[in-house]
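Inspection log for the structure reproduced underneath, given as structure tokens.
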Amino acid sequence: MGPQVAPAETKRPDAEQHRALVVVAAGSGQRLGQGMPKALVDLGGRPLLAHALEAMSPQAAPGLELELLVLVLPGEPEAREKLAALGADHARRTGVEVVVCEGGSSRPVSVARGMDAVTDHARRHGWDAERLTVLVHDAARPLTPGDVAHRVARQVEAGSEAVVPALPVTDTIKRVLPVEETESRAAGVELQAEQVRETVPRAELRAVQTPQGFTLAFLQRAFAHLGDIADAEAEALTDEAMIAEALGVDVVVVPGDARALKITTPADLLAAEALVAEASGAAHDDLAPVSAPAPAETGPGVPMVLTPRVGIGHDVHAVAPASEPREMWLAGLHWPGEQGLTGHSDGDAVAHAACDALFSAAGVGDLGVHFGADTLGTDRPELEGASGARLLQEAARIVRDAGFEIGSISVQFVAKRPKFGPRRVEAQRVLTEAAGAPVALSATTSDGLGFTGRGEGVLATATAVLIPRHEGARTLTAQVG
């Protein structure tokens, strides 16, 4: 990778110079654990892709002057439709032409499809591939400021074929060697360890971000090169700048931005939420009731951090006897042909466990307190016979009224039937809509062991993460009951 340079001072050289942005938004987001494609995950009330597009809009980045935006989206129809709608709205608001294409099984495949869309557009409009700057951006970096993209584009137009934004590395970096699993004599447990081989001098290290910039002519050459090498070698080239290095092309580095963090894990999402709150001036103030006390100070000028709270919920329901035919409802879905579960409501153990996890995290009782048979039959007649999804909706309202926002809910259930995999995405969508927050679901069997293995019932375990809106939410346990 080439040296870091100051941003080029040149503006777009002439009317024949063009700029296109390819936003890769086809990732599944499995490591994020939100139960939906990453680009759809909520950040401050809007999907990640919406933030990424806004940052690159003429209003946010007036000097960027994009002429084409290519969105590389998931193949799943519903997700693709929702994300494409964001692109259509962006086109209406900005006048930038938006083209949508379907991503592939890997990032290189997705970027190649985006490049093909740019190539088709350029051919139809007579654009010279040597004078077309293509910015390749990840929707997983939704808060990248538009001026980063502007710096990258200007450097490409100053004569660099490949440009990346980056920041100096501040952590100490060590290169390690794996060590065989050893036994800890002191603790009597097995530990998987690694051995430090060397400490890498960090003065020359940079953490690379997106968007990365290239001429279209270079990208065409780069992906032709990928097709000419072995699959294993191609898979090792994880971004377009690495392909440039492999081809002997100098990769120029311009300054990035700390806000251009990549959202991969739940912790990354929390960090991004904090940036969004800071940028909007909210920082809990807009969400807190007028009567809520201000957060205490932990030191001079340092506000207290409101710690997320985690709750666990379990629910078990037996399969109804064959003599009592009953429809099965599980994970918010109807399962035709399956014998239903016993219990009040619809016996939806998955939804009920999610409710209990919410109540546990908030410290406001449990399922029996709010939805017990007596409660539903007397104090809550409007919920008599309510579905599990409806109860989850009500549970979400209760914890929000108690001063919390829902970060996420995760449920795993153990059962012999029904076969859950083909309908997992559908179930996640139903329960996510009910909770108004991401719900991730999974299922397993007990290999024939116990009542679940014999097909006699369903066991569900849920976890919920809640974020207090204000300090007053921390005292709710003492106020409830």
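To be explicit about the labels: the chains of the structure tokens are called A, B, and onward in the order shown, and within each one the residues are counted from 1, while ligands get numbers from 1 in the order they are shown.
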
- Item | helix (DSSP H, G or I) per DSSP on the backbone: members of segment 202-437 of chain A, as a ChimeraX atom specification | /A:202-204,216-228,231-235,240-246,266-280,349-362,367-371,373-377,381-383,388-401,421-435

- Query: From the list A:Thr133, A:Gln212, A:Gln339, A:Ser57, which residue is nearest Pro325 of chain A when using only C-alpha atoms?
  - Reply: A:Gln339

- Near-segment 48-54 of chain A list (9 Å; only C-alpha atoms; drop same-chain fewer than 5 positions) as a PyMOL selection string: chain A and resi 23+25+38-43+59-60+83+86-87+90+137-146

Please save N, CA, C and O atoms of the selected residues as a tab-separated table (two decimals), in the first residue's frame.
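Output below, filename out-v1.tsv:
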```
chain	number	residue	atom	x	y	z
A	23	VAL	N	-22.82	1.04	-3.47
A	23	VAL	CA	-23.01	0.73	-2.06
A	23	VAL	C	-23.34	-0.76	-1.94
A	23	VAL	O	-24.37	-1.21	-2.45
A	25	ALA	N	-24.73	-3.62	-0.06
A	25	ALA	CA	-25.69	-3.75	1.05
A	25	ALA	C	-26.34	-5.13	1.02
A	25	ALA	O	-27.51	-5.27	1.36
A	38	LYS	N	-28.14	-6.97	7.21
A	38	LYS	CA	-27.53	-5.90	7.99
A	38	LYS	C	-27.99	-4.51	7.56
A	38	LYS	O	-28.20	-3.63	8.40
A	39	ALA	N	-28.16	-4.30	6.27
A	39	ALA	CA	-28.53	-2.96	5.79
A	39	ALA	C	-29.89	-2.51	6.29
A	39	ALA	O	-30.20	-1.32	6.28
A	40	LEU	N	-30.73	-3.48	6.74
A	40	LEU	CA	-32.06	-3.14	7.26
A	40	LEU	C	-32.07	-2.91	8.76
A	40	LEU	O	-33.08	-2.46	9.32
A	41	VAL	N	-30.98	-3.22	9.43
A	41	VAL	CA	-30.94	-3.10	10.89
A	41	VAL	C	-31.15	-1.65	11.31
A	41	VAL	O	-30.62	-0.71	10.71
A	42	ASP	N	-31.93	-1.47	12.36
A	42	ASP	CA	-32.28	-0.13	12.82
A	42	ASP	C	-31.11	0.54	13.52
A	42	ASP	O	-30.43	-0.04	14.36
A	43	LEU	N	-30.88	1.80	13.19
A	43	LEU	CA	-29.89	2.64	13.85
A	43	LEU	C	-30.52	4.01	14.07
A	43	LEU	O	-30.74	4.75	13.12
A	59	GLN	N	-27.05	17.23	-0.08
A	59	GLN	CA	-27.25	18.10	1.07
A	59	GLN	C	-26.13	17.92	2.09
A	59	GLN	O	-25.65	18.89	2.68
A	60	ALA	N	-25.71	16.68	2.32
A	60	ALA	CA	-24.66	16.40	3.31
A	60	ALA	C	-23.26	16.56	2.74
A	60	ALA	O	-22.33	16.88	3.47
A	83	LEU	N	-35.19	-2.20	0.84
A	83	LEU	CA	-33.97	-1.44	0.60
A	83	LEU	C	-34.03	-0.67	-0.72
A	83	LEU	O	-33.55	0.46	-0.82
A	86	LEU	N	-35.72	2.58	-0.31
A	86	LEU	CA	-34.85	3.64	0.20
A	86	LEU	C	-34.07	4.29	-0.94
A	86	LEU	O	-33.88	5.51	-0.97
A	87	GLY	N	-33.63	3.46	-1.90
A	87	GLY	CA	-32.94	4.00	-3.05
A	87	GLY	C	-33.83	4.88	-3.91
A	87	GLY	O	-33.41	5.94	-4.38
A	90	HIS	N	-34.25	8.14	-2.24
A	90	HIS	CA	-33.03	8.94	-2.40
A	90	HIS	C	-32.99	9.59	-3.79
A	90	HIS	O	-32.62	10.76	-3.92
A	137	HIS	N	-18.45	1.46	-1.54
A	137	HIS	CA	-18.76	1.75	-0.13
A	137	HIS	C	-19.53	0.58	0.47
A	137	HIS	O	-20.26	-0.13	-0.22
A	138	ASP	N	-19.36	0.39	1.78
A	138	ASP	CA	-20.10	-0.64	2.50
A	138	ASP	C	-21.22	-0.01	3.31
A	138	ASP	O	-20.99	0.94	4.07
A	139	ALA	N	-22.44	-0.54	3.16
A	139	ALA	CA	-23.55	-0.06	3.99
A	139	ALA	C	-23.28	-0.31	5.47
A	139	ALA	O	-23.88	0.33	6.33
A	140	ALA	N	-22.35	-1.24	5.77
A	140	ALA	CA	-21.99	-1.52	7.16
A	140	ALA	C	-21.20	-0.38	7.79
A	140	ALA	O	-20.92	-0.42	8.99
A	141	ARG	N	-20.82	0.62	7.01
A	141	ARG	CA	-20.19	1.84	7.54
A	141	ARG	C	-21.14	3.02	7.29
A	141	ARG	O	-20.81	3.93	6.51
A	142	PRO	N	-22.30	3.04	7.94
A	142	PRO	CA	-23.34	4.00	7.57
A	142	PRO	C	-23.05	5.44	7.96
A	142	PRO	O	-23.69	6.35	7.43
A	143	LEU	N	-22.12	5.66	8.87
A	143	LEU	CA	-21.89	7.01	9.38
A	143	LEU	C	-20.66	7.66	8.77
A	143	LEU	O	-20.23	8.72	9.22
A	144	THR	N	-20.11	7.04	7.72
A	144	THR	CA	-18.98	7.66	7.04
A	144	THR	C	-19.39	9.02	6.48
A	144	THR	O	-20.33	9.11	5.68
A	145	PRO	N	-18.72	10.10	6.87
A	145	PRO	CA	-19.10	11.42	6.36
A	145	PRO	C	-18.83	11.54	4.86
A	145	PRO	O	-17.90	10.92	4.32
A	146	GLY	N	-19.63	12.34	4.21
A	146	GLY	CA	-19.48	12.52	2.77
A	146	GLY	C	-18.15	13.13	2.38
A	146	GLY	O	-17.67	12.90	1.26
```

- Task: Could you pull out the residues in segment 251-464 of chain A that DSSP calls strand (DSSP E or B) from the backbone, as a count of residues only?
- Result: 58

- Message: I'd like the contact shell of Asp268 of chain A - 12 Å cut-off, only C-alpha atoms, skipping same-chain residues fewer than 3 positions apart - returned as a ChimeraX atom specification.
- Response: /A:31-33,43,140-143,259-265,271-275

- Message: My list of candidates is A:Ala464, A:Ala349, A:Val439, A:Leu21. Which is closest to Val399 of chain A when distances are computed with only C-alpha atoms?
- Response: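 Smallest separation from Val399 of chain A among the options: A:Ala464.
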
- Show which residues sit within 6 Å of segment 330-337 of chain A, as a ChimeraX atom specification. Count only C-alpha atoms, and ignore same-chain residues fewer than 4 positions away. /A:348,350-351,389,427

Using the selection just defined, write its residues with N, CA, C and O atoms as a compact mmCIF listing (two decimals), in the first residue's frame.
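File produced: result.txt:
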```txt
# COMPACT_ATOMS: atom_id res chain seq x y z
N ASP A 348 -48.07 -20.26 22.55
CA ASP A 348 -46.86 -19.96 21.79
C ASP A 348 -45.68 -19.80 22.74
O ASP A 348 -45.42 -18.69 23.26
N VAL A 350 -42.51 -19.70 22.26
CA VAL A 350 -41.46 -18.79 21.81
C VAL A 350 -41.81 -17.34 22.15
O VAL A 350 -41.02 -16.60 22.75
N ALA A 351 -43.02 -16.92 21.80
CA ALA A 351 -43.44 -15.55 22.09
C ALA A 351 -43.52 -15.32 23.59
O ALA A 351 -43.15 -14.25 24.10
N ALA A 389 -48.03 -13.32 19.65
CA ALA A 389 -47.48 -12.11 19.05
C ALA A 389 -48.13 -10.86 19.64
O ALA A 389 -47.46 -9.85 19.89
N ALA A 427 -40.91 -16.04 10.61
CA ALA A 427 -41.21 -15.91 12.04
C ALA A 427 -40.48 -14.72 12.65
O ALA A 427 -41.05 -13.98 13.47
```
